[in-house]
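**Student:** Sharing query.cif (mmCIF, C-alpha atoms) below.
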```
data_my_file
#
loop_
_atom_site.group_PDB
_atom_site.id
_atom_site.type_symbol
_atom_site.label_atom_id
_atom_site.label_comp_id
_atom_site.auth_asym_id
_atom_site.auth_seq_id
_atom_site.Cartn_x
_atom_site.Cartn_y
_atom_site.Cartn_z
ATOM 1 C CA MET X 1 -38.321 77.174 40.174
ATOM 2 C CA LYS X 2 -37.497 77.436 36.500
ATOM 3 C CA PRO X 3 -38.497 74.443 34.345
ATOM 4 C CA CYS X 4 -35.916 71.830 33.426
ATOM 5 C CA LEU X 5 -33.245 73.199 31.093
ATOM 6 C CA VAL X 6 -33.524 70.149 28.808
ATOM 7 C CA CYS X 7 -37.094 68.847 28.709
ATOM 8 C CA GLY X 8 -39.104 71.737 30.189
ATOM 9 C CA SER X 9 -40.608 69.647 32.976
ATOM 10 C CA THR X 10 -41.698 71.576 36.062
ATOM 11 C CA THR X 11 -41.352 68.481 38.254
ATOM 12 C CA LEU X 12 -37.960 69.182 39.825
ATOM 13 C CA ASN X 13 -37.561 67.250 43.041
ATOM 14 C CA HIS X 14 -35.461 68.395 45.990
ATOM 15 C CA ALA X 15 -32.974 65.595 45.525
ATOM 16 C CA LEU X 16 -29.702 66.254 47.310
ATOM 17 C CA SER X 17 -28.413 68.850 49.784
ATOM 18 C CA LYS X 18 -24.792 69.995 49.942
ATOM 19 C CA GLY X 19 -24.330 72.462 52.778
ATOM 20 C CA GLU X 20 -26.295 75.614 51.986
ATOM 21 C CA TRP X 21 -26.817 74.425 48.406
ATOM 22 C CA MET X 22 -29.045 71.763 46.938
ATOM 23 C CA TYR X 23 -29.512 69.971 43.641
ATOM 24 C CA ARG X 24 -32.939 69.342 42.144
ATOM 25 C CA ARG X 25 -33.501 66.335 39.891
ATOM 26 C CA CYS X 26 -35.830 66.492 36.898
ATOM 27 C CA ALA X 27 -38.345 63.668 37.212
ATOM 28 C CA GLN X 28 -38.459 63.161 33.424
ATOM 29 C CA CYS X 29 -34.869 63.328 32.148
ATOM 30 C CA GLY X 30 -32.784 63.087 35.337
ATOM 31 C CA LEU X 31 -30.900 66.391 34.984
ATOM 32 C CA LEU X 32 -29.539 67.668 38.310
ATOM 33 C CA SER X 33 -29.663 71.465 38.635
ATOM 34 C CA SER X 34 -27.975 73.534 41.322
ATOM 35 C CA ASP X 35 -30.372 75.520 43.505
ATOM 36 C CA PRO X 36 -29.688 78.373 43.676
ATOM 37 C CA ILE X 37 -27.724 78.918 40.467
ATOM 38 C CA PRO X 38 -24.428 80.588 41.475
ATOM 39 C CA THR X 39 -23.812 84.173 40.412
ATOM 40 C CA PRO X 40 -20.970 85.112 38.029
ATOM 41 C CA GLY X 41 -19.182 86.726 40.983
ATOM 42 C CA GLN X 42 -19.361 83.532 43.034
ATOM 43 C CA ILE X 43 -18.084 81.517 40.077
ATOM 44 C CA GLU X 44 -15.133 83.850 39.413
ATOM 45 C CA ALA X 45 -14.070 83.846 43.074
ATOM 46 C CA HIS X 46 -14.328 80.055 43.221
ATOM 47 C CA TYR X 47 -12.069 79.440 40.226
ATOM 48 C CA SER X 48 -9.525 82.020 41.323
ATOM 49 C CA GLU X 49 -9.088 80.177 44.618
ATOM 50 C CA LYS X 50 -9.110 76.682 43.092
ATOM 51 C CA PHE X 51 -6.362 77.462 40.553
ATOM 52 C CA ASP X 52 -3.878 78.235 43.316
ATOM 53 C CA ARG X 53 -4.944 75.864 46.075
ATOM 54 C CA GLY X 54 -7.649 73.474 44.930
ATOM 55 C CA ASN X 55 -8.343 70.821 42.314
ATOM 56 C CA TYR X 56 -6.759 72.811 39.469
ATOM 57 C CA GLU X 57 -3.496 73.055 41.393
ATOM 58 C CA LEU X 58 -3.676 69.295 41.934
ATOM 59 C CA VAL X 59 -4.199 68.598 38.219
ATOM 60 C CA ARG X 60 -1.166 70.756 37.362
ATOM 61 C CA ARG X 61 0.967 68.979 39.967
ATOM 62 C CA TYR X 62 -0.004 65.557 38.601
ATOM 63 C CA ALA X 63 0.200 66.614 34.931
ATOM 64 C CA LEU X 64 2.795 63.967 34.008
ATOM 65 C CA HIS X 65 0.768 61.239 35.705
ATOM 66 C CA TYR X 66 -2.392 62.480 33.957
ATOM 67 C CA ARG X 67 -0.793 62.290 30.506
ATOM 68 C CA GLU X 68 -2.035 58.714 30.040
ATOM 69 C CA VAL X 69 -5.618 59.958 30.437
ATOM 70 C CA HIS X 70 -5.124 62.679 27.824
ATOM 71 C CA GLU X 71 -3.565 60.178 25.422
ATOM 72 C CA TYR X 72 -6.573 57.919 25.910
ATOM 73 C CA LEU X 73 -8.963 60.803 25.201
ATOM 74 C CA ALA X 74 -6.986 61.804 22.114
ATOM 75 C CA GLY X 75 -7.227 58.217 20.876
ATOM 76 C CA TRP X 76 -10.990 58.247 21.462
ATOM 77 C CA ILE X 77 -11.372 61.519 19.549
ATOM 78 C CA ALA X 78 -9.054 60.157 16.830
ATOM 79 C CA PRO X 79 -8.565 63.234 14.640
ATOM 80 C CA ARG X 80 -7.371 62.784 11.087
ATOM 81 C CA PRO X 81 -4.192 64.625 10.096
ATOM 82 C CA GLY X 82 -5.120 68.239 9.357
ATOM 83 C CA ASP X 83 -8.458 68.193 11.188
ATOM 84 C CA ARG X 84 -9.210 71.540 12.809
ATOM 85 C CA VAL X 85 -9.948 70.915 16.486
ATOM 86 C CA LEU X 86 -11.336 73.416 19.000
ATOM 87 C CA ASP X 87 -11.006 72.381 22.643
ATOM 88 C CA ILE X 88 -13.263 74.210 25.101
ATOM 89 C CA GLY X 89 -11.888 74.666 28.615
ATOM 90 C CA THR X 90 -8.442 73.545 27.525
ATOM 91 C CA PHE X 91 -6.756 74.515 30.830
ATOM 92 C CA THR X 92 -2.968 74.235 30.370
ATOM 93 C CA GLY X 93 -3.138 72.449 27.019
ATOM 94 C CA ASP X 94 -2.390 68.787 27.799
ATOM 95 C CA LEU X 95 -5.164 67.373 25.606
ATOM 96 C CA LEU X 96 -4.295 69.769 22.796
ATOM 97 C CA GLU X 97 -0.704 68.520 22.857
ATOM 98 C CA ALA X 98 -1.895 64.911 22.574
ATOM 99 C CA LEU X 99 -4.188 65.828 19.659
ATOM 100 C CA ALA X 100 -1.431 67.801 17.923
ATOM 101 C CA ARG X 101 0.848 64.765 18.099
ATOM 102 C CA ARG X 102 -1.788 62.991 16.002
ATOM 103 C CA GLY X 103 -1.558 65.660 13.321
ATOM 104 C CA ALA X 104 -4.555 67.823 14.274
ATOM 105 C CA ASP X 105 -4.589 71.599 13.735
ATOM 106 C CA VAL X 106 -5.452 72.530 17.311
ATOM 107 C CA TYR X 107 -6.950 75.584 19.013
ATOM 108 C CA GLY X 108 -8.170 76.054 22.569
ATOM 109 C CA LEU X 109 -10.372 78.339 24.652
ATOM 110 C CA GLU X 110 -9.726 78.921 28.357
ATOM 111 C CA LEU X 111 -10.924 81.609 30.788
ATOM 112 C CA GLN X 112 -8.159 81.399 33.408
ATOM 113 C CA ALA X 113 -5.382 83.781 32.378
ATOM 114 C CA GLU X 114 -2.542 81.858 34.017
ATOM 115 C CA ALA X 115 -3.667 78.611 32.381
ATOM 116 C CA VAL X 116 -3.702 80.355 28.968
ATOM 117 C CA ARG X 117 -0.163 81.622 29.539
ATOM 118 C CA ILE X 118 1.096 78.139 30.420
ATOM 119 C CA ALA X 119 -0.681 76.541 27.458
ATOM 120 C CA ASN X 120 0.718 79.025 24.963
ATOM 121 C CA GLU X 121 4.251 78.529 26.262
ATOM 122 C CA ARG X 122 3.829 74.914 25.139
ATOM 123 C CA LEU X 123 1.707 75.318 22.011
ATOM 124 C CA GLY X 124 2.411 78.768 20.643
ATOM 125 C CA ALA X 125 -0.434 81.219 20.120
ATOM 126 C CA ARG X 126 -3.046 78.467 19.921
ATOM 127 C CA VAL X 127 -5.022 79.063 23.127
ATOM 128 C CA PHE X 128 -7.240 82.110 23.616
ATOM 129 C CA GLN X 129 -8.601 83.653 26.801
ATOM 130 C CA ALA X 130 -12.167 83.636 25.575
ATOM 131 C CA ASP X 131 -15.419 81.760 25.831
ATOM 132 C CA LEU X 132 -17.270 80.092 22.991
ATOM 133 C CA PHE X 133 -19.258 83.261 22.233
ATOM 134 C CA GLY X 134 -16.324 85.635 21.768
ATOM 135 C CA ALA X 135 -14.664 86.645 18.530
ATOM 136 C CA GLU X 136 -11.090 86.299 19.789
ATOM 137 C CA PHE X 137 -10.396 82.901 18.229
ATOM 138 C CA PRO X 138 -10.248 81.556 14.651
ATOM 139 C CA PRO X 139 -13.734 81.147 13.176
ATOM 140 C CA GLY X 140 -15.067 77.807 12.056
ATOM 141 C CA PRO X 141 -15.792 75.528 10.573
ATOM 142 C CA TYR X 142 -14.071 72.904 12.703
ATOM 143 C CA GLU X 143 -14.102 69.170 12.123
ATOM 144 C CA ILE X 144 -14.005 68.471 15.883
ATOM 145 C CA ILE X 145 -15.002 70.323 19.058
ATOM 146 C CA SER X 146 -14.074 68.790 22.403
ATOM 147 C CA MET X 147 -15.399 69.655 25.865
ATOM 148 C CA MET X 148 -13.709 67.669 28.608
ATOM 149 C CA ALA X 149 -15.191 68.319 32.073
ATOM 150 C CA VAL X 150 -16.798 71.561 30.885
ATOM 151 C CA ILE X 151 -20.549 71.293 30.323
ATOM 152 C CA GLU X 152 -21.262 70.756 34.026
ATOM 153 C CA HIS X 153 -19.578 74.102 34.807
ATOM 154 C CA VAL X 154 -21.489 76.516 32.554
ATOM 155 C CA LEU X 155 -24.551 78.623 33.239
ATOM 156 C CA ASP X 156 -26.201 77.874 29.873
ATOM 157 C CA PRO X 157 -25.281 74.423 28.517
ATOM 158 C CA ARG X 158 -27.882 74.632 25.749
ATOM 159 C CA ALA X 159 -26.366 77.821 24.366
ATOM 160 C CA MET X 160 -22.921 76.188 24.441
ATOM 161 C CA ILE X 161 -24.086 73.104 22.517
ATOM 162 C CA ARG X 162 -25.936 75.290 20.002
ATOM 163 C CA ARG X 163 -22.847 77.450 19.464
ATOM 164 C CA ALA X 164 -20.701 74.346 19.033
ATOM 165 C CA ALA X 165 -23.088 73.136 16.322
ATOM 166 C CA ASP X 166 -22.735 76.484 14.537
ATOM 167 C CA LEU X 167 -18.927 76.214 14.590
ATOM 168 C CA LEU X 168 -18.793 72.627 13.317
ATOM 169 C CA GLU X 169 -18.812 71.752 9.653
ATOM 170 C CA PRO X 170 -21.700 69.513 8.543
ATOM 171 C CA GLY X 171 -20.779 66.024 9.685
ATOM 172 C CA GLY X 172 -18.347 67.396 12.267
ATOM 173 C CA ARG X 173 -18.286 65.807 15.701
ATOM 174 C CA VAL X 174 -18.484 66.976 19.295
ATOM 175 C CA TYR X 175 -16.805 65.028 22.116
ATOM 176 C CA ILE X 176 -17.925 65.537 25.706
ATOM 177 C CA GLU X 177 -16.659 64.174 29.027
ATOM 178 C CA THR X 178 -18.862 64.849 32.056
ATOM 179 C CA PRO X 179 -20.249 63.177 35.193
ATOM 180 C CA ASN X 180 -23.314 61.001 34.595
ATOM 181 C CA ALA X 181 -25.977 61.868 37.163
ATOM 182 C CA GLY X 182 -27.999 58.887 35.958
ATOM 183 C CA SER X 183 -25.255 56.348 36.591
ATOM 184 C CA THR X 184 -25.776 53.565 39.106
ATOM 185 C CA LEU X 185 -22.837 54.908 41.107
ATOM 186 C CA ALA X 186 -24.313 58.414 41.327
ATOM 187 C CA ARG X 187 -27.713 57.160 42.435
ATOM 188 C CA THR X 188 -26.202 54.714 44.939
ATOM 189 C CA LEU X 189 -23.879 57.233 46.611
ATOM 190 C CA GLY X 190 -26.429 60.070 46.760
ATOM 191 C CA THR X 191 -24.978 63.106 48.542
ATOM 192 C CA ALA X 192 -21.638 61.265 48.873
ATOM 193 C CA TRP X 193 -21.137 61.242 45.087
ATOM 194 C CA PRO X 194 -18.006 63.406 44.618
ATOM 195 C CA PRO X 195 -19.166 65.360 41.506
ATOM 196 C CA LEU X 196 -21.866 67.014 43.633
ATOM 197 C CA ALA X 197 -19.782 70.180 44.017
ATOM 198 C CA PRO X 198 -21.809 73.405 44.283
ATOM 199 C CA VAL X 199 -20.609 76.535 42.487
ATOM 200 C CA GLU X 200 -18.228 74.442 40.373
ATOM 201 C CA HIS X 201 -20.779 71.960 39.012
ATOM 202 C CA ILE X 202 -24.000 73.752 38.111
ATOM 203 C CA TYR X 203 -25.753 71.181 35.909
ATOM 204 C CA LEU X 204 -25.053 67.453 36.159
ATOM 205 C CA PHE X 205 -26.493 65.565 33.196
ATOM 206 C CA SER X 206 -27.833 62.066 33.099
ATOM 207 C CA ASP X 207 -27.033 60.207 29.895
ATOM 208 C CA LEU X 208 -30.706 60.597 28.912
ATOM 209 C CA ALA X 209 -30.660 64.362 29.517
ATOM 210 C CA LEU X 210 -27.491 64.873 27.471
ATOM 211 C CA ARG X 211 -28.778 62.688 24.625
ATOM 212 C CA ASN X 212 -31.983 64.740 24.559
ATOM 213 C CA LEU X 213 -30.132 68.062 24.548
ATOM 214 C CA LEU X 214 -27.845 67.006 21.701
ATOM 215 C CA GLN X 215 -30.768 65.709 19.636
ATOM 216 C CA GLN X 216 -32.705 68.935 20.194
ATOM 217 C CA GLU X 217 -29.736 70.934 18.872
ATOM 218 C CA GLY X 218 -29.385 68.917 15.681
ATOM 219 C CA PHE X 219 -26.899 66.176 16.576
ATOM 220 C CA THR X 220 -27.191 62.546 15.535
ATOM 221 C CA GLU X 221 -25.216 59.309 15.999
ATOM 222 C CA ILE X 222 -24.967 59.944 19.735
ATOM 223 C CA ARG X 223 -22.793 57.410 21.539
ATOM 224 C CA VAL X 224 -22.313 57.139 25.301
ATOM 225 C CA ARG X 225 -19.866 55.027 27.283
ATOM 226 C CA ARG X 226 -18.320 54.942 30.741
ATOM 227 C CA HIS X 227 -15.054 56.738 31.356
ATOM 228 C CA VAL X 228 -12.566 54.703 33.393
ATOM 229 C CA LYS X 229 -9.270 56.475 34.143
ATOM 230 C CA ARG X 230 -5.978 55.041 35.364
ATOM 231 C CA LEU X 231 -4.460 57.411 37.934
ATOM 232 C CA PRO X 232 -2.064 57.242 40.899
ATOM 233 C CA PHE X 233 -3.977 56.386 44.050
ATOM 234 C CA SER X 234 -2.329 59.324 45.807
ATOM 235 C CA TYR X 235 -4.020 61.639 43.271
ATOM 236 C CA VAL X 236 -7.387 60.032 43.954
ATOM 237 C CA HIS X 237 -6.907 60.500 47.705
ATOM 238 C CA GLU X 238 -5.919 64.154 47.386
ATOM 239 C CA GLN X 239 -8.763 64.908 44.982
ATOM 240 C CA PHE X 240 -11.244 63.851 47.645
ATOM 241 C CA ALA X 241 -10.234 67.002 49.545
ATOM 242 C CA ASN X 242 -11.869 68.960 46.694
ATOM 243 C CA PHE X 243 -14.677 66.574 45.753
ATOM 244 C CA GLY X 244 -16.195 64.298 48.332
ATOM 245 C CA GLY X 245 -14.930 65.746 51.596
ATOM 246 C CA SER X 246 -13.062 64.384 54.583
ATOM 247 C CA GLY X 247 -15.305 61.328 54.895
ATOM 248 C CA TRP X 248 -13.880 59.849 51.712
ATOM 249 C CA GLN X 249 -10.333 60.746 52.744
ATOM 250 C CA ARG X 250 -10.745 58.843 55.996
ATOM 251 C CA VAL X 251 -11.568 55.787 53.893
ATOM 252 C CA THR X 252 -8.796 56.254 51.333
ATOM 253 C CA GLY X 253 -6.064 57.367 53.756
ATOM 254 C CA PRO X 254 -4.997 53.867 54.908
ATOM 255 C CA ILE X 255 -5.159 52.586 51.306
ATOM 256 C CA ARG X 256 -2.900 55.425 50.197
ATOM 257 C CA LEU X 257 -0.245 54.264 52.650
ATOM 258 C CA LEU X 258 -0.254 50.890 50.878
ATOM 259 C CA LEU X 259 -0.607 51.976 47.244
ATOM 260 C CA GLY X 260 1.068 55.403 47.109
ATOM 261 C CA GLU X 261 1.709 56.295 43.439
ATOM 262 C CA THR X 262 0.421 52.965 42.098
ATOM 263 C CA ARG X 263 -1.926 53.535 39.171
ATOM 264 C CA VAL X 264 -5.425 52.181 39.678
ATOM 265 C CA PRO X 265 -8.503 52.115 37.410
ATOM 266 C CA LEU X 266 -10.905 54.799 38.612
ATOM 267 C CA TYR X 267 -14.581 55.093 37.701
ATOM 268 C CA GLY X 268 -16.334 58.019 39.336
ATOM 269 C CA GLY X 269 -19.562 57.847 37.359
ATOM 270 C CA GLU X 270 -18.280 59.858 34.373
ATOM 271 C CA MET X 271 -19.345 59.345 30.780
ATOM 272 C CA LEU X 272 -17.818 59.949 27.355
ATOM 273 C CA VAL X 273 -20.301 61.200 24.772
ATOM 274 C CA SER X 274 -19.762 61.755 21.054
ATOM 275 C CA ALA X 275 -22.219 63.057 18.478
ATOM 276 C CA ARG X 276 -22.257 64.148 14.835
ATOM 277 C CA ARG X 277 -23.653 67.415 13.535
ATOM 278 C CA ALA X 278 -26.369 66.462 11.041
#
```
Could you express the structure from this file as structure tokens?
**Tutor:**
Amino acid sequence: MKPCLVCGSTTLNHALSKGEWMYRRCAQCGLLSSDPIPTPGQIEAHYSEKFDRGNYELVRRYALHYREVHEYLAGWIAPRPGDRVLDIGTFTGDLLEALARRGADVYGLELQAEAVRIANERLGARVFQADLFGAEFPPGPYEIISMMAVIEHVLDPRAMIRRAADLLEPGGRVYIETPNAGSTLARTLGTAWPPLAPVEHIYLFSDLALRNLLQQEGFTEIRVRRHVKRLPFSYVHEQFANFGGSGWQRVTGPIRLLLGETRVPLYGGEMLVSARRA
């Protein structure tokens, strides 16, 4: 086993099994690491399937319902008029639209070609099919970099945070949304915690692990809070087909018959994290 990505500890416990995969928890900082780490080929095949038939198709279908969440995130980020914002993993551009309505000068990076096409139909040539290490997007500095539901998906989160720091102006801020593997909900549910999704979620950070990583890469003023979303219950039920499995759907099925499209507050153990580049 490789040492912990964040703190270097070699005490990585066999914590949770998910089919043929497992997650190991660092005894010092609480980071959950997929074991084995998926290959690039496995990752590419996974996302290709999920865009057409999985959770990404579901997000596109519920885009209008999800707008309230993106407006909330844009209010949390709170760009000033003219701020240059780079959104990593922008998908079809919903958050960028909400940020642009607040006067931000927005740009996005996305790897899925069809998502880039859809985003640019809405935003113009503002979204690039590239990762954070390419040269195919406007160079920094940026006042804001956002990463919503991204850091848990990448093979090298440290390199991504370091690159984000390089692209930010001094005093610029990074905004991250990700599952919190150290949350009470995550530890209570164990293997039933929906974000335990092999191939898709490679590293699941505890709040301590993410704080440590950001501090190590030169960020200060780190703030963490819970992320509660208001979504139609029908969306929640359908999402359990992608995260959580049929056991959760057996529980939520009868409730869906009663609530249907009624919006409900949903807390799945996610956190919102902001930090300032020193």
**Student:** Grab the CA of Asn180 (chain X) to CA of Tyr142 (chain X) distance for me, in Å with one decimal place.
**Tutor:**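 Answer for the CA of Asn180 (chain X) to CA of Tyr142 (chain X) separation: 26.6 Å.
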**Student:** How would you write, as number ranges by chain, the residues chosen by the PyMOL selection byres ((chain X and resi 84) around 12) on this structure?
**Tutor:** X: 79-83, 85-87, 96, 99-100, 102-108, 126, 138-146, 167-169, 172-173
**Student:** Taking (-3.3, 76.7, 29.9) in the file's coordinates as the center, which residues reach within 8 Å of it, counting all atoms listed in the file, put as a list in words?
**Tutor:**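 Checking each residue against the 8 Å limit leaves Thr90, Phe91, Thr92, Gly93, Glu110, Gln112, Ala113, Glu114, Ala115, Val116, Arg117, Ile118, Ala119, Asn120 and Val127 of chain X.
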**Student:** Take the residues just selected and output them with C-alpha atoms as an mmCIF file, in the coordinates of the input.
**Tutor:**
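Wrote it out as result17.cif, contents follow:
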```cif
data_model
loop_
_atom_site.group_PDB
_atom_site.id
_atom_site.type_symbol
_atom_site.label_atom_id
_atom_site.label_comp_id
_atom_site.auth_asym_id
_atom_site.auth_seq_id
_atom_site.Cartn_x
_atom_site.Cartn_y
_atom_site.Cartn_z
ATOM 1 C CA THR X 90 -8.442 73.545 27.525
ATOM 2 C CA PHE X 91 -6.756 74.515 30.830
ATOM 3 C CA THR X 92 -2.968 74.235 30.370
ATOM 4 C CA GLY X 93 -3.138 72.449 27.019
ATOM 5 C CA GLU X 110 -9.726 78.921 28.357
ATOM 6 C CA GLN X 112 -8.159 81.399 33.408
ATOM 7 C CA ALA X 113 -5.382 83.781 32.378
ATOM 8 C CA GLU X 114 -2.542 81.858 34.017
ATOM 9 C CA ALA X 115 -3.667 78.611 32.381
ATOM 10 C CA VAL X 116 -3.702 80.355 28.968
ATOM 11 C CA ARG X 117 -0.163 81.622 29.539
ATOM 12 C CA ILE X 118 1.096 78.139 30.420
ATOM 13 C CA ALA X 119 -0.681 76.541 27.458
ATOM 14 C CA ASN X 120 0.718 79.025 24.963
ATOM 15 C CA VAL X 127 -5.022 79.063 23.127
#
```
**Student:** Which is closest to Pro170 (chain X) among X:Val224, X:Ala275, X:Ile255, X:Ile43, if we use all atoms listed in the file?
**Tutor:**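 Using all atoms listed in the file, the shortest distance to Pro170 (chain X) belongs to X:Ala275.
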**Student:** Of the candidates X:Ser33, X:Gln42, X:Thr262, X:Ser17, which one gets nearest to Ala192 (chain X) if we count all atoms listed in the file?
**Tutor:** X:Ser17
**Student:** Can you pull out the residues contacting Cys4 (chain X)? Cut-off 9 Å, using only C-alpha atoms, and skip same-chain residues under 3 positions away; I want them as number ranges by chain.
**Tutor:** X: 1, 7-12, 25-26, 29, 31, 33
**Student:** Include C-alpha atoms and write out the residues we just selected as an mmCIF file, in the coordinates of the input.
**Tutor:**
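Printed below is selection_26.cif as written:
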```cif
data_model
loop_
_atom_site.group_PDB
_atom_site.id
_atom_site.type_symbol
_atom_site.label_atom_id
_atom_site.label_comp_id
_atom_site.auth_asym_id
_atom_site.auth_seq_id
_atom_site.Cartn_x
_atom_site.Cartn_y
_atom_site.Cartn_z
ATOM 1 C CA MET X 1 -38.321 77.174 40.174
ATOM 2 C CA CYS X 7 -37.094 68.847 28.709
ATOM 3 C CA GLY X 8 -39.104 71.737 30.189
ATOM 4 C CA SER X 9 -40.608 69.647 32.976
ATOM 5 C CA THR X 10 -41.698 71.576 36.062
ATOM 6 C CA THR X 11 -41.352 68.481 38.254
ATOM 7 C CA LEU X 12 -37.960 69.182 39.825
ATOM 8 C CA ARG X 25 -33.501 66.335 39.891
ATOM 9 C CA CYS X 26 -35.830 66.492 36.898
ATOM 10 C CA CYS X 29 -34.869 63.328 32.148
ATOM 11 C CA LEU X 31 -30.900 66.391 34.984
ATOM 12 C CA SER X 33 -29.663 71.465 38.635
#
```
**Student:** I'd like the contact shell of Leu155 (chain X) - 12 Å cut-off, only C-alpha atoms, skipping same-chain residues fewer than 3 positions apart - returned as number ranges by chain.
**Tutor:** X: 5, 33-34, 36-40, 43, 150-152, 158-160, 199-204
**Student:** For C-alpha atoms, I'd like the residues from the last selection saved as a short mmCIF file (atom, residue, chain, number, x, y, z; two decimals), keeping the file's coordinate frame.
**Tutor:**
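Everything below was put into part.cif:
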```cif
data_model
loop_
_atom_site.label_atom_id
_atom_site.label_comp_id
_atom_site.auth_asym_id
_atom_site.auth_seq_id
_atom_site.Cartn_x
_atom_site.Cartn_y
_atom_site.Cartn_z
CA LEU X 5 -33.24 73.20 31.09
CA SER X 33 -29.66 71.46 38.64
CA SER X 34 -27.98 73.53 41.32
CA PRO X 36 -29.69 78.37 43.68
CA ILE X 37 -27.72 78.92 40.47
CA PRO X 38 -24.43 80.59 41.48
CA THR X 39 -23.81 84.17 40.41
CA PRO X 40 -20.97 85.11 38.03
CA ILE X 43 -18.08 81.52 40.08
CA VAL X 150 -16.80 71.56 30.88
CA ILE X 151 -20.55 71.29 30.32
CA GLU X 152 -21.26 70.76 34.03
CA ARG X 158 -27.88 74.63 25.75
CA ALA X 159 -26.37 77.82 24.37
CA MET X 160 -22.92 76.19 24.44
CA VAL X 199 -20.61 76.54 42.49
CA GLU X 200 -18.23 74.44 40.37
CA HIS X 201 -20.78 71.96 39.01
CA ILE X 202 -24.00 73.75 38.11
CA TYR X 203 -25.75 71.18 35.91
CA LEU X 204 -25.05 67.45 36.16
#
```
**Student:** Taking all atoms listed in the file into account, which of X:Asp156, X:Glu270, X:Phe137, X:Pro232 comes nearest Thr184 (chain X)?
**Tutor:**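 Of the candidates, the smallest distance to Thr184 (chain X) is held by X:Glu270.
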**Student:** What does the structure give for the distance between CA of Glu121 (chain X) and CA of Val174 (chain X), in Å to one decimal?
**Tutor:** 26.4 Å
**Student:** Hey, can you check how far CA of Gln216 (chain X) sits from CA of Leu32 (chain X)?
**Tutor:**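 One can read the CA of Gln216 (chain X) to CA of Leu32 (chain X) distance as 18.4 Å.
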**Student:** From the options X:Phe133, X:Phe205, X:Tyr72, X:Tyr47, which residue's atoms come nearest to Val228 (chain X), counting only C-alpha atoms?
**Tutor:**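 The closest residue to Val228 (chain X) is X:Tyr72.
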**Student:** Find the axis-aligned box for region 154-163 of chain X, covering all its listed atoms and adding 3 Å on each side, and write its centre and edge lengths in Å to one decimal as AutoDock Vina command-line options.
**Tutor:**
```
--center_x -24.7 --center_y 75.9 --center_z 26.4 --size_x 12.4 --size_y 11.5 --size_z 19.8
```
**Student:** Residues within 8 Å of Leu132 (chain X), please, as a PyMOL selection string. Count only C-alpha atoms; anything in the same chain fewer than 4 positions from it doesn't count.
**Tutor:** chain X and resi 88+109+160+163-164
**Student:** Sorted by chain and rising residue number, which residues of region 158-230 of chain X lie within 6 Å of region 265-269 of chain X, and what are their closest atom pairs and distances in Å to one decimal, counting all atoms listed in the file, as a Markdown table?
**Tutor:**
```
| residue | atom | partner | partner_atom | distance |
| --- | --- | --- | --- | --- |
| X:Pro179 | CA | X:Gly269 | CA | 5.8 |
| X:Asn180 | CA | X:Gly269 | CA | 5.6 |
| X:Ser183 | CA | X:Gly269 | CA | 5.9 |
| X:Leu185 | CA | X:Gly269 | CA | 5.8 |
| X:Val228 | CA | X:Tyr267 | CA | 4.8 |
| X:Lys229 | CA | X:Leu266 | CA | 5.0 |
| X:Arg230 | CA | X:Pro265 | CA | 4.4 |
```
**Student:** Between X:Arg67, X:His46, X:Arg223, X:Arg24, which residue has the minimum interatomic distance to Ala181 (chain X), considering all atoms listed in the file?
**Tutor:**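 For Ala181 (chain X), the nearest of the given residues is X:Arg24.
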**Student:** On this structure, the PyMOL selection byres ((chain X and resi 261) around 8) would catch which residues? List them as an NGL selection string, sorted by chain and number.
**Tutor:** :X and (232-235 or 259-260 or 262-263)
